[in-house]
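Colleague: Pasting input23.cif here (mmCIF, C-alpha atoms):
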```cif
data_start
#
loop_
_atom_site.label_atom_id
_atom_site.label_comp_id
_atom_site.auth_asym_id
_atom_site.auth_seq_id
_atom_site.Cartn_x
_atom_site.Cartn_y
_atom_site.Cartn_z
CA MET A 1 117.37 86.61 70.96
CA LYS A 2 116.36 86.02 74.56
CA PRO A 3 113.23 88.04 75.49
CA GLN A 4 113.47 90.60 78.26
CA ALA A 5 112.10 89.58 81.66
CA PHE A 6 109.99 91.80 83.90
CA TYR A 7 109.02 91.61 87.56
CA ILE A 8 106.02 93.41 89.09
CA LYS A 9 105.48 93.84 92.82
CA THR A 10 102.01 95.09 93.73
CA PHE A 11 101.10 96.92 96.93
CA GLY A 12 97.64 97.94 98.11
CA CYS A 13 94.13 97.66 96.78
CA GLN A 14 92.31 95.69 94.09
CA MET A 15 92.63 98.66 91.75
CA ASN A 16 96.41 98.28 91.93
CA ILE A 17 96.12 94.55 91.28
CA ARG A 18 94.16 95.27 88.11
CA ASP A 19 96.61 98.01 87.07
CA SER A 20 99.48 95.54 87.46
CA GLU A 21 97.64 93.05 85.24
CA ILE A 22 97.23 95.74 82.59
CA MET A 23 100.92 96.64 82.71
CA ALA A 24 101.86 92.97 82.48
CA GLN A 25 99.56 92.46 79.49
CA ASN A 26 101.19 95.42 77.73
CA LEU A 27 104.65 93.98 78.34
CA TYR A 28 103.57 90.49 77.19
CA LEU A 29 102.35 92.00 73.93
CA ASP A 30 105.79 93.57 73.52
CA GLY A 31 107.34 90.09 73.64
CA MET A 32 108.54 90.15 77.24
CA ILE A 33 108.20 87.38 79.82
CA GLU A 34 107.49 87.56 83.53
CA THR A 35 109.85 86.39 86.27
CA MET A 36 109.12 85.91 89.95
CA GLU A 37 112.68 86.90 90.95
CA PRO A 38 113.50 90.63 90.88
CA ASP A 39 117.26 90.03 90.70
CA HIS A 40 116.70 88.09 87.42
CA ALA A 41 114.61 90.83 85.82
CA ASP A 42 115.54 93.33 83.12
CA ILE A 43 112.64 95.51 84.24
CA VAL A 44 111.38 95.85 87.83
CA ILE A 45 108.07 97.62 88.43
CA LEU A 46 106.80 98.53 91.89
CA ASN A 47 103.08 99.34 91.73
CA THR A 48 102.61 101.32 94.90
CA CYS A 49 100.00 102.33 97.47
CA SER A 50 100.05 105.46 99.64
CA ILE A 51 96.75 105.08 101.48
CA ARG A 52 98.63 104.24 104.70
CA ALA A 53 102.12 105.06 105.89
CA LYS A 54 103.09 101.40 106.38
CA ALA A 55 102.53 100.52 102.71
CA GLU A 56 104.62 103.50 101.59
CA GLN A 57 107.42 102.55 103.98
CA LYS A 58 107.55 99.05 102.45
CA VAL A 59 108.03 100.60 99.00
CA MET A 60 110.89 102.80 100.18
CA SER A 61 112.57 99.84 101.87
CA LEU A 62 112.31 97.71 98.73
CA LEU A 63 113.71 100.53 96.58
CA GLY A 64 116.73 100.55 98.86
CA GLN A 65 117.20 96.80 98.38
CA LEU A 66 116.90 97.14 94.61
CA ARG A 67 119.94 99.40 94.56
CA LYS A 68 122.25 96.38 94.91
CA PHE A 69 120.44 94.50 92.10
CA LYS A 70 120.91 97.51 89.86
CA LYS A 71 124.59 97.68 90.75
CA ALA A 72 125.04 94.02 89.75
CA HIS A 73 122.90 94.48 86.63
CA PRO A 74 123.37 98.10 85.41
CA ALA A 75 121.06 97.61 82.42
CA MET A 76 118.13 96.86 84.72
CA LYS A 77 115.31 99.42 84.53
CA ILE A 78 113.49 100.23 87.76
CA CYS A 79 110.04 101.76 87.55
CA VAL A 80 107.83 103.09 90.35
CA ALA A 81 104.14 103.22 89.41
CA GLY A 82 100.89 103.86 91.22
CA CYS A 83 99.90 106.18 94.04
CA VAL A 84 103.32 106.77 95.64
CA ALA A 85 104.66 107.57 92.17
CA GLN A 86 101.80 110.02 91.63
CA GLN A 87 102.31 111.60 95.03
CA GLU A 88 106.11 111.87 95.08
CA GLY A 89 106.93 112.31 91.38
CA GLN A 90 110.44 113.64 90.73
CA GLU A 91 111.29 113.46 94.43
CA LEU A 92 111.52 109.68 94.09
CA ILE A 93 114.29 109.98 91.53
CA LYS A 94 116.10 112.56 93.68
CA ARG A 95 115.96 110.20 96.65
CA PHE A 96 116.63 107.02 94.66
CA PRO A 97 118.78 107.93 91.62
CA HIS A 98 118.78 104.29 90.48
CA VAL A 99 115.05 104.63 89.59
CA ASN A 100 114.59 105.05 85.83
CA LEU A 101 110.88 105.73 85.52
CA VAL A 102 108.11 107.18 87.70
CA VAL A 103 104.63 106.56 86.27
CA GLY A 104 101.48 108.12 87.71
CA THR A 105 98.14 106.39 88.01
CA GLN A 106 96.65 107.64 84.72
CA HIS A 107 99.63 106.55 82.60
CA ILE A 108 99.98 102.82 83.29
CA TYR A 109 98.50 101.94 79.88
CA ARG A 110 101.56 103.59 78.27
CA ILE A 111 104.09 101.55 80.25
CA SER A 112 105.87 99.99 77.25
CA LYS A 113 106.37 103.30 75.43
CA LEU A 114 107.48 105.07 78.60
CA LEU A 115 110.05 102.38 79.39
CA SER A 116 111.52 102.75 75.91
CA GLN A 117 111.80 106.52 76.42
CA CYS A 118 113.92 106.16 79.56
CA ALA A 119 116.66 104.07 77.93
CA ASP A 120 119.36 106.66 78.63
CA HIS A 121 117.85 108.88 81.32
CA SER A 122 115.25 108.94 84.07
CA HIS A 123 111.69 109.91 83.18
CA THR A 124 108.68 111.11 85.20
CA VAL A 125 105.06 111.13 83.99
CA THR A 126 102.56 112.07 86.69
CA GLU A 127 100.14 114.63 85.24
CA LEU A 128 96.50 114.12 86.28
CA SER A 129 93.65 115.14 83.97
CA SER A 130 90.01 115.61 84.98
CA SER A 131 89.01 114.81 81.37
CA TYR A 132 90.89 111.53 81.47
CA ARG A 133 89.36 108.68 79.49
CA ILE A 134 90.14 105.20 80.79
CA PRO A 135 91.41 103.29 77.74
CA ASN A 136 89.43 100.32 76.52
CA PHE A 137 92.21 97.79 76.94
CA ILE A 138 91.55 94.30 75.62
CA PRO A 139 94.80 92.54 74.66
CA GLU A 140 94.98 90.93 71.26
CA PRO A 141 95.03 87.11 71.33
CA THR A 142 98.35 85.49 70.53
CA ASP A 143 99.40 82.02 69.46
CA ASP A 144 102.82 82.46 71.06
CA LYS A 145 102.55 80.68 74.42
CA THR A 146 106.10 81.55 75.51
CA ASN A 147 105.24 85.08 76.60
CA THR A 148 101.65 84.83 77.78
CA PRO A 149 100.65 84.82 81.46
CA SER A 150 101.00 81.46 83.13
CA GLU A 151 97.75 79.93 84.35
CA GLY A 152 97.40 81.25 87.88
CA GLU A 153 95.16 80.20 90.70
CA PHE A 154 92.84 83.17 90.11
CA GLU A 155 92.63 83.14 86.31
CA PHE A 156 88.96 82.13 86.60
CA LYS A 157 88.09 85.45 88.24
CA LYS A 158 89.05 88.98 87.30
CA PHE A 159 88.76 92.58 88.42
CA VAL A 160 87.30 95.04 85.89
CA THR A 161 87.79 98.77 86.42
CA ILE A 162 84.57 100.72 85.83
CA MET A 163 85.75 104.10 87.12
CA GLN A 164 88.72 105.85 88.67
CA GLY A 165 89.24 108.75 91.03
CA CYS A 166 87.14 110.24 93.79
CA ASN A 167 85.31 113.54 94.40
CA ASN A 168 84.58 113.06 98.10
CA PHE A 169 87.73 114.52 99.68
CA CYS A 170 87.57 112.72 102.99
CA THR A 171 89.99 114.63 105.17
CA TYR A 172 92.32 111.66 105.75
CA CYS A 173 92.46 110.31 102.18
CA VAL A 174 95.00 110.83 99.38
CA VAL A 175 92.93 109.22 96.61
CA PRO A 176 91.60 112.47 95.04
CA TYR A 177 95.21 113.64 94.80
CA THR A 178 96.70 110.37 93.53
CA ARG A 179 93.86 109.12 91.30
CA GLY A 180 92.21 112.42 90.32
CA ARG A 181 88.55 113.29 89.93
CA GLU A 182 85.89 110.66 89.28
CA VAL A 183 85.87 109.38 85.71
CA SER A 184 83.48 106.60 84.65
CA ARG A 185 84.19 104.26 81.76
CA PRO A 186 81.64 103.93 78.98
CA ALA A 187 79.36 100.98 79.66
CA SER A 188 80.06 99.66 76.16
CA ASP A 189 83.79 99.39 76.97
CA ILE A 190 83.06 97.61 80.25
CA ILE A 191 80.69 95.12 78.61
CA GLU A 192 83.16 94.44 75.79
CA GLU A 193 85.98 93.74 78.24
CA ILE A 194 83.84 91.43 80.37
CA ARG A 195 82.62 89.49 77.35
CA ALA A 196 86.23 88.96 76.27
CA LEU A 197 87.12 87.75 79.75
CA VAL A 198 84.18 85.34 79.87
CA GLU A 199 85.15 83.95 76.45
CA SER A 200 88.64 83.27 77.87
CA GLY A 201 87.17 81.22 80.74
CA VAL A 202 86.63 83.80 83.50
CA ARG A 203 83.60 82.93 85.64
CA GLU A 204 83.64 85.56 88.39
CA ILE A 205 83.81 89.33 87.82
CA THR A 206 84.45 92.04 90.42
CA LEU A 207 83.65 95.59 89.30
CA LEU A 208 86.16 98.11 90.66
CA GLY A 209 86.16 101.79 91.53
CA GLN A 210 87.12 104.07 94.39
CA ASN A 211 83.38 104.73 94.81
CA VAL A 212 81.36 102.51 92.47
CA ASN A 213 78.09 103.88 93.88
CA SER A 214 78.67 107.16 92.03
CA TYR A 215 79.36 105.51 88.67
CA GLY A 216 78.08 107.75 85.87
CA GLN A 217 77.24 110.72 88.11
CA THR A 218 80.16 113.09 87.64
CA ASN A 219 82.97 113.77 85.15
CA THR A 220 81.81 110.90 83.01
CA VAL A 221 83.58 110.34 79.71
CA THR A 222 80.94 108.09 78.23
CA GLY A 223 81.40 108.12 74.47
CA ASP A 224 77.61 108.23 74.23
CA ASN A 225 74.78 110.30 75.65
CA THR A 226 73.01 107.57 77.60
CA PRO A 227 73.00 108.15 81.38
CA LEU A 228 73.43 104.97 83.38
CA THR A 229 73.42 104.36 87.12
CA PHE A 230 75.61 101.77 88.78
CA ALA A 231 72.52 99.64 89.41
CA GLY A 232 71.75 99.82 85.69
CA LEU A 233 75.30 98.75 84.88
CA LEU A 234 75.01 95.78 87.25
CA HIS A 235 71.92 94.58 85.40
CA GLN A 236 73.71 94.90 82.04
CA VAL A 237 76.76 92.98 83.27
CA ALA A 238 74.60 90.28 84.89
CA ALA A 239 72.92 89.66 81.52
CA ILE A 240 76.22 88.51 79.96
CA ASP A 241 76.11 84.74 79.43
CA GLY A 242 78.82 82.81 81.24
CA ILE A 243 79.26 84.88 84.39
CA VAL A 244 78.62 82.71 87.43
CA ARG A 245 79.37 85.21 90.18
CA LEU A 246 79.35 89.02 90.24
CA ARG A 247 80.82 91.29 92.94
CA PHE A 248 81.81 94.94 93.31
CA THR A 249 83.92 97.21 95.51
CA THR A 250 84.23 99.83 97.01
CA SER A 251 81.17 101.82 98.12
CA ASN A 252 80.66 105.09 99.97
CA PRO A 253 77.55 104.89 102.16
CA LYS A 254 76.43 108.42 101.24
CA ASP A 255 75.91 107.37 97.60
CA LEU A 256 74.25 104.03 98.31
CA SER A 257 70.85 104.20 96.59
CA ASP A 258 67.81 102.05 97.22
CA GLU A 259 67.96 101.09 93.53
CA LEU A 260 71.42 99.62 94.09
CA MET A 261 70.48 97.88 97.33
CA ALA A 262 67.50 96.30 95.57
CA CYS A 263 69.93 94.62 93.15
CA PHE A 264 70.83 92.16 95.91
CA GLY A 265 67.28 90.84 95.71
CA GLU A 266 66.94 91.12 91.93
CA VAL A 267 70.24 89.96 90.40
CA ASP A 268 70.68 86.23 90.93
CA ILE A 269 74.44 86.13 90.32
CA LEU A 270 75.22 89.16 92.54
CA CYS A 271 76.97 87.64 95.55
CA PRO A 272 75.38 88.36 98.94
CA GLN A 273 78.48 90.13 100.22
CA PHE A 274 78.89 93.87 100.62
CA HIS A 275 81.89 95.89 101.78
CA LEU A 276 80.48 99.14 103.18
CA PRO A 277 83.21 101.26 104.83
CA VAL A 278 81.95 103.30 107.78
CA GLN A 279 85.35 104.44 109.22
CA SER A 280 83.94 105.48 112.63
CA GLY A 281 80.88 104.99 114.83
CA SER A 282 80.93 108.59 116.06
CA ASP A 283 79.00 111.34 114.27
CA ARG A 284 81.49 113.90 115.56
CA VAL A 285 84.41 111.99 114.04
CA LEU A 286 82.51 111.32 110.80
CA THR A 287 81.96 115.07 110.44
CA ARG A 288 85.69 115.73 110.93
CA MET A 289 86.40 113.03 108.34
CA ASN A 290 83.98 114.76 105.88
CA ARG A 291 82.14 111.49 105.30
CA LYS A 292 78.77 113.27 104.71
CA TYR A 293 76.53 110.74 106.51
CA THR A 294 75.53 110.03 110.09
CA VAL A 295 75.59 106.77 112.01
CA GLU A 296 71.78 106.75 111.91
CA GLN A 297 71.77 107.07 108.11
CA TYR A 298 74.38 104.31 107.86
CA LEU A 299 72.31 101.98 110.03
CA GLU A 300 69.21 102.66 107.93
CA LYS A 301 71.11 101.46 104.84
CA VAL A 302 72.37 98.36 106.64
CA ALA A 303 68.76 97.57 107.55
CA ARG A 304 67.63 98.05 103.93
CA LEU A 305 70.39 95.77 102.66
CA ARG A 306 69.29 93.05 105.05
CA HIS A 307 65.69 93.61 104.01
CA TYR A 308 66.55 92.89 100.39
CA ARG A 309 68.99 90.06 101.19
CA PRO A 310 68.73 88.68 104.74
CA ASP A 311 71.79 86.46 104.33
CA ILE A 312 74.07 89.26 103.12
CA ALA A 313 77.56 89.32 104.69
CA ILE A 314 78.53 92.93 105.46
CA SER A 315 82.11 93.99 106.07
CA THR A 316 83.62 97.41 106.69
CA ASP A 317 86.71 99.59 107.12
CA MET A 318 87.44 101.31 110.43
CA ILE A 319 90.02 103.96 111.24
CA ILE A 320 91.02 103.89 114.89
CA GLY A 321 92.51 106.94 116.58
CA PHE A 322 91.49 109.66 114.14
CA PRO A 323 92.65 113.10 115.40
CA GLY A 324 90.35 114.22 118.19
CA GLU A 325 88.84 110.75 118.75
CA SER A 326 87.84 110.74 122.43
CA ASP A 327 87.10 107.77 124.66
CA ASP A 328 83.39 108.42 124.06
CA ASP A 329 83.94 108.50 120.28
CA PHE A 330 85.71 105.15 120.42
CA GLU A 331 82.95 103.68 122.58
CA ALA A 332 80.49 104.80 119.89
CA THR A 333 82.55 102.81 117.36
CA MET A 334 82.41 99.76 119.60
CA ALA A 335 78.64 100.24 119.96
CA LEU A 336 78.28 100.33 116.16
CA LEU A 337 80.27 97.10 115.91
CA GLU A 338 77.88 95.47 118.40
CA GLU A 339 74.82 96.71 116.53
CA VAL A 340 75.83 95.84 112.96
CA ARG A 341 77.88 92.75 113.90
CA TYR A 342 80.03 92.83 110.79
CA HIS A 343 81.12 89.54 109.28
CA GLY A 344 84.59 91.04 109.01
CA SER A 345 86.41 94.35 108.99
CA PHE A 346 89.67 95.96 107.97
CA SER A 347 90.75 98.16 110.86
CA PHE A 348 93.85 100.31 111.12
CA LYS A 349 95.46 102.93 113.30
CA TYR A 350 95.15 106.39 111.80
CA SER A 351 98.32 107.79 110.21
CA ASP A 352 98.89 111.24 108.71
CA ARG A 353 99.15 111.23 104.92
CA PRO A 354 100.96 114.03 103.06
CA GLY A 355 98.68 116.67 101.61
CA THR A 356 95.52 115.66 103.46
CA ARG A 357 93.57 118.05 105.69
CA SER A 358 93.65 115.75 108.70
CA ALA A 359 97.46 115.82 108.70
CA GLU A 360 97.09 119.42 109.92
CA PHE A 361 94.49 118.61 112.58
CA ASP A 362 95.45 119.00 116.22
CA GLU A 363 94.43 116.65 119.05
CA LYS A 364 96.45 113.76 117.69
CA VAL A 365 95.75 110.52 119.55
CA ALA A 366 98.81 108.96 121.21
CA GLU A 367 100.19 105.85 119.52
CA ASP A 368 99.84 103.72 122.63
CA VAL A 369 96.18 104.76 122.98
CA LYS A 370 95.53 103.93 119.32
CA GLY A 371 97.18 100.55 119.84
CA VAL A 372 95.04 99.66 122.85
CA ARG A 373 91.84 100.72 121.06
CA LEU A 374 92.72 98.85 117.88
CA SER A 375 93.48 95.64 119.81
CA ARG A 376 90.17 95.88 121.63
CA PHE A 377 88.24 96.49 118.40
CA GLN A 378 89.94 93.64 116.53
CA LYS A 379 89.52 91.21 119.42
CA ARG A 380 85.78 91.88 119.52
CA GLN A 381 85.49 91.71 115.74
CA ASP A 382 87.20 88.32 115.75
CA GLU A 383 84.71 87.07 118.35
CA ILE A 384 81.76 88.29 116.27
CA SER A 385 83.24 86.84 113.06
CA LEU A 386 83.63 83.48 114.76
CA LYS A 387 79.98 83.54 115.87
CA HIS A 388 78.89 84.28 112.31
CA ASN A 389 81.09 81.50 110.93
CA GLN A 390 79.87 78.93 113.45
CA LYS A 391 76.38 79.27 111.96
CA PHE A 392 77.72 77.53 108.84
CA VAL A 393 78.68 74.36 110.72
CA GLY A 394 76.39 71.52 109.69
CA THR A 395 75.22 73.29 106.53
CA SER A 396 76.12 72.71 102.89
CA VAL A 397 77.51 75.63 100.90
CA GLU A 398 78.42 76.18 97.25
CA VAL A 399 82.15 76.78 96.93
CA MET A 400 84.05 78.02 93.89
CA VAL A 401 87.43 76.28 93.84
CA GLU A 402 90.47 78.57 94.00
CA ARG A 403 93.30 76.10 94.58
CA ASN A 404 93.62 72.35 94.15
CA ASP A 405 97.19 71.17 94.47
CA HIS A 406 99.33 69.15 96.85
CA ASP A 407 99.58 72.09 99.29
CA SER A 408 96.01 73.29 99.41
CA PHE A 409 92.46 72.51 98.33
CA ASN A 410 90.24 75.48 98.99
CA GLY A 411 87.60 77.76 97.58
CA ARG A 412 85.29 80.61 98.42
CA THR A 413 81.57 80.95 99.14
CA THR A 414 79.29 83.59 97.63
CA THR A 415 79.60 85.43 100.96
CA ASN A 416 83.38 85.52 100.39
CA HIS A 417 84.27 83.03 103.11
CA ILE A 418 87.39 80.97 102.44
CA VAL A 419 86.68 77.23 102.78
CA HIS A 420 89.46 74.68 103.26
CA ILE A 421 88.29 71.36 101.83
CA ASP A 422 89.27 67.92 103.10
CA GLY A 423 89.77 65.11 100.60
CA GLU A 424 90.80 64.97 96.98
CA CYS A 425 89.08 65.41 93.63
CA ASP A 426 89.96 66.60 90.14
CA ALA A 427 88.10 69.91 90.37
CA LEU A 428 89.77 72.88 88.68
CA PRO A 429 89.90 76.51 89.81
CA GLY A 430 86.55 78.05 88.93
CA ASP A 431 84.58 74.84 89.37
CA LEU A 432 81.63 74.84 91.76
CA LEU A 433 81.41 72.20 94.50
CA LEU A 434 78.95 71.49 97.30
CA VAL A 435 80.83 71.37 100.62
CA GLN A 436 79.56 70.26 104.03
CA ILE A 437 80.99 72.59 106.71
CA ASN A 438 82.26 70.85 109.83
CA HIS A 439 84.51 73.50 111.40
CA ALA A 440 84.57 77.29 111.71
CA GLY A 441 87.49 79.55 112.54
CA GLN A 442 87.64 83.31 112.93
CA HIS A 443 88.66 83.91 109.33
CA SER A 444 87.78 80.75 107.40
CA LEU A 445 85.68 77.60 107.28
CA LYS A 446 86.55 73.94 106.84
CA GLY A 447 84.55 71.11 105.30
CA PHE A 448 84.38 68.05 103.08
CA LEU A 449 82.84 67.33 99.70
CA LYS A 450 79.14 66.60 99.82
CA LYS A 451 78.41 63.20 98.33
#
```
Could you render the structure from this file as structure tokens?
Modeller:
Amino acid sequence: MKPQAFYIKTFGCQMNIRDSEIMAQNLYLDGMIETMEPDHADIVILNTCSIRAKAEQKVMSLLGQLRKFKKAHPAMKICVAGCVAQQEGQELIKRFPHVNLVVGTQHIYRISKLLSQCADHSHTVTELSSSYRIPNFIPEPTDDKTNTPSEGEFEFKKFVTIMQGCNNFCTYCVVPYTRGREVSRPASDIIEEIRALVESGVREITLLGQNVNSYGQTNTVTGDNTPLTFAGLLHQVAAIDGIVRLRFTTSNPKDLSDELMACFGEVDILCPQFHLPVQSGSDRVLTRMNRKYTVEQYLEKVARLRHYRPDIAISTDMIIGFPGESDDDFEATMALLEEVRYHGSFSFKYSDRPGTRSAEFDEKVAEDVKGVRLSRFQKRQDEISLKHNQKFVGTSVEVMVERNDHDSFNGRTTTNHIVHIDGECDALPGDLLLVQINHAGQHSLKGFLKK
């Protein structure tokens, strides 16, 4: 009997990428195979993001397109998972009757069972629990190679979820409503999962959470009585033999401890790269965002990070055009950019999100004003990024290979810079090479193999 085929489309953050991997692993263990073509699938899963309006709009558009696939293949099951599923729930099925299953963020580990329950009718599972325990999911090894994941370009590196949810309630953010309260995984579960990954050939680990800095502080379902800070967890993970590189994301500046910052000088395999979202350079706007730190406090932590690791590459998130953002507020953001000189940033125009406090704020910034400000910010960031990257020209850097095929030969530095490599060799993804940099662009580097 021909196995069922599934297709997963992932939107949004690294947490969603890991959740999609977990759903895929569950379906593999049920004997299914993955297809890259949604119209050839028996099961289509959209793992969604609602952090910005644009991502949600893409999901709704794709659901409309899937209607014709379902019409041609009535037995096809369509599932919406992730944050949009959590946020919209039954309304998704009302709007798109061809959807069979809506799965909230805390139920993705049950995907196989839930799909079987919606054989004859639509099904919605979106309850959030503050006592939620993140399952310790390590798939059983199998000798059947027909339904295991194909070797991808990133199989040498993996995301590992250490916590879910958020207790900060920034006024613009849906995460507390779509992911729930903060829940930390037991360290023993995390260590067991990472050891299994390393035994399978994984060499780089990225620890994931909405706010990893607060790991173990609140609503922790530990399975033991041993308190552990995130810095302590980093030291435990770094002690696992076989890990070559260690990263983590994302961090809230208000919870960034000196103990954690010191890890950049103490843990050899911790990559000198830190994503530290600031969101605005104006104290007035930060207060309206409920970020619970000032620009001065943020800058003090940037200085401490550079004290412990002078070569650290710091990136950030920036929301442009938050309600009430004046010209002076935006100039303060530009001044912060000039002072910190981020290696890179993810910057976006503010958009109202359903259920958030800022959606009710007045003094909305006009779209054309947001557009002008965003263009100015991104143009200056690109100039600063290029200056940073040009410092690599003439130096040799260690690169972990990510692709080596007829289309592309590239890798990534410890500072997370993409490096396009001239020449040919038989290096495999995950191998380390020494590359001489001879060109710098705004978003990547270029070089050749060091003899």
Colleague: I would like the residues chosen by the PyMOL selection byres ((chain A and resi 33) around 7) on the shown file; could you give them as a ChimeraX atom specification?
Modeller: /A:3-6,28,31-32,34-35,147
Colleague: Apply the PyMOL selection byres ((chain A and resi 165-173) around 10) to the file shown and report the selected residues as a ChimeraX atom specification.
Modeller: /A:50-52,105-106,130,163-164,174-184,209-212,214,218-219,252,254,286-292,319,322-323,350-361
Colleague: Could you dump the residues just selected with C-alpha atoms as a short mmCIF file (atom, residue, chain, number, x, y, z; two decimals), in the coordinates of the input?
Modeller:
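So the final result, stored in out.cif, reads:
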```cif
data_model
loop_
_atom_site.label_atom_id
_atom_site.label_comp_id
_atom_site.auth_asym_id
_atom_site.auth_seq_id
_atom_site.Cartn_x
_atom_site.Cartn_y
_atom_site.Cartn_z
CA SER A 50 100.05 105.46 99.64
CA ILE A 51 96.75 105.08 101.48
CA ARG A 52 98.63 104.24 104.70
CA THR A 105 98.14 106.39 88.01
CA GLN A 106 96.65 107.64 84.72
CA SER A 130 90.01 115.61 84.98
CA MET A 163 85.75 104.10 87.12
CA GLN A 164 88.72 105.85 88.67
CA VAL A 174 95.00 110.83 99.38
CA VAL A 175 92.93 109.22 96.61
CA PRO A 176 91.60 112.47 95.04
CA TYR A 177 95.21 113.64 94.80
CA THR A 178 96.70 110.37 93.53
CA ARG A 179 93.86 109.12 91.30
CA GLY A 180 92.21 112.42 90.32
CA ARG A 181 88.55 113.29 89.93
CA GLU A 182 85.89 110.66 89.28
CA VAL A 183 85.87 109.38 85.71
CA SER A 184 83.48 106.60 84.65
CA GLY A 209 86.16 101.79 91.53
CA GLN A 210 87.12 104.07 94.39
CA ASN A 211 83.38 104.73 94.81
CA VAL A 212 81.36 102.51 92.47
CA SER A 214 78.67 107.16 92.03
CA THR A 218 80.16 113.09 87.64
CA ASN A 219 82.97 113.77 85.15
CA ASN A 252 80.66 105.09 99.97
CA LYS A 254 76.43 108.42 101.24
CA LEU A 286 82.51 111.32 110.80
CA THR A 287 81.96 115.07 110.44
CA ARG A 288 85.69 115.73 110.93
CA MET A 289 86.40 113.03 108.34
CA ASN A 290 83.98 114.76 105.88
CA ARG A 291 82.14 111.49 105.30
CA LYS A 292 78.77 113.27 104.71
CA ILE A 319 90.02 103.96 111.24
CA PHE A 322 91.49 109.66 114.14
CA PRO A 323 92.65 113.10 115.40
CA TYR A 350 95.15 106.39 111.80
CA SER A 351 98.32 107.79 110.21
CA ASP A 352 98.89 111.24 108.71
CA ARG A 353 99.15 111.23 104.92
CA PRO A 354 100.96 114.03 103.06
CA GLY A 355 98.68 116.67 101.61
CA THR A 356 95.52 115.66 103.46
CA ARG A 357 93.57 118.05 105.69
CA SER A 358 93.65 115.75 108.70
CA ALA A 359 97.46 115.82 108.70
CA GLU A 360 97.09 119.42 109.92
CA PHE A 361 94.49 118.61 112.58
#
```
Colleague: Looking at A:Thr229, A:Gln65, A:Gln390, A:Ser282, which one is nearest to Ser326 of chain A, with distances taken over all atoms listed in the file?
Modeller: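 Of A:Thr229, A:Gln65, A:Gln390, A:Ser282, the one nearest Ser326 of chain A is A:Ser282, counting all atoms listed in the file.
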Colleague: Taking the file above as input, evaluate the PyMOL selection byres ((chain A and resi 41) around 6) and report the hits as a PyMOL selection string.
Modeller: chain A and resi 5-7+38-40+42-43
Colleague: Just the residues within 10 Å of Thr395 of chain A, please, counting all atoms listed in the file, with nothing from its chain fewer than 5 positions along; format it as an NGL selection string.
Modeller: :A and (435-438 or 447)
Colleague: Between atom CA of Val237 of chain A and atom CA of Phe156 of chain A, measure the distance and give it in Å to one decimal.
Modeller: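 Interatomic distance here is 16.7 Å.
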Colleague: Which neighbours of Ile384 of chain A fall inside 8 Å, counting all atoms listed in the file, when residues of the same chain fewer than 3 positions from it are skipped, and could you give them as a PyMOL selection string?
Modeller: chain A and resi 341-343+380-381+387-388
Colleague: Using only C-alpha atoms, which of A:Asn136, A:Thr415, A:Phe230, A:Leu260 sits nearest Ile314 of chain A?
Modeller: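 The shortest atom-to-atom distance to Ile314 of chain A comes from A:Thr415.
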Colleague: Residues near Thr316 of chain A, anyone? I mean within 8 Å using all atoms listed in the file, not counting same-chain ones fewer than 2 positions away, as a ChimeraX atom specification.
Modeller: /A:275-279,314,318,342,344-346
Colleague: Store the residues picked out above, limited to C-alpha atoms, as a short mmCIF file (atom, residue, chain, number, x, y, z; two decimals), in the coordinates of the input.
Modeller:
```cif
data_model
loop_
_atom_site.label_atom_id
_atom_site.label_comp_id
_atom_site.auth_asym_id
_atom_site.auth_seq_id
_atom_site.Cartn_x
_atom_site.Cartn_y
_atom_site.Cartn_z
CA HIS A 275 81.89 95.89 101.78
CA LEU A 276 80.48 99.14 103.18
CA PRO A 277 83.21 101.26 104.83
CA VAL A 278 81.95 103.30 107.78
CA GLN A 279 85.35 104.44 109.22
CA ILE A 314 78.53 92.93 105.46
CA MET A 318 87.44 101.31 110.43
CA TYR A 342 80.03 92.83 110.79
CA GLY A 344 84.59 91.04 109.01
CA SER A 345 86.41 94.35 108.99
CA PHE A 346 89.67 95.96 107.97
#
```
Colleague: Could you tell me which of A:His307, A:His235, A:Arg133, A:Lys70 comes closest to Ile191 of chain A if we count all atoms listed in the file?
Modeller: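 So, comparing all the options, the nearest one is A:His235.
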Colleague: What does the distance from atom CA of Gln273 of chain A to atom CA of Ala313 of chain A come to in Å, to one decimal?
Modeller: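 Atom CA of Gln273 of chain A sits 4.6 Å away from atom CA of Ala313 of chain A.
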Colleague: Is it possible to get the residues within 8 Å of (87.2, 86.8, 87.0) (coordinates as in the file, counting only C-alpha atoms) written as a VMD selection string?
Modeller: chain A and resid 154 to 159 197 to 198 202 to 206
Colleague: Keeping only C-alpha atoms, take the residues you just selected and write them out as a short mmCIF file (atom, residue, chain, number, x, y, z; two decimals), in the coordinates of the input.
Modeller:
```
data_model
loop_
_atom_site.label_atom_id
_atom_site.label_comp_id
_atom_site.auth_asym_id
_atom_site.auth_seq_id
_atom_site.Cartn_x
_atom_site.Cartn_y
_atom_site.Cartn_z
CA PHE A 154 92.84 83.17 90.11
CA GLU A 155 92.63 83.14 86.31
CA PHE A 156 88.96 82.13 86.60
CA LYS A 157 88.09 85.45 88.24
CA LYS A 158 89.05 88.98 87.30
CA PHE A 159 88.76 92.58 88.42
CA LEU A 197 87.12 87.75 79.75
CA VAL A 198 84.18 85.34 79.87
CA VAL A 202 86.63 83.80 83.50
CA ARG A 203 83.60 82.93 85.64
CA GLU A 204 83.64 85.56 88.39
CA ILE A 205 83.81 89.33 87.82
CA THR A 206 84.45 92.04 90.42
#
```
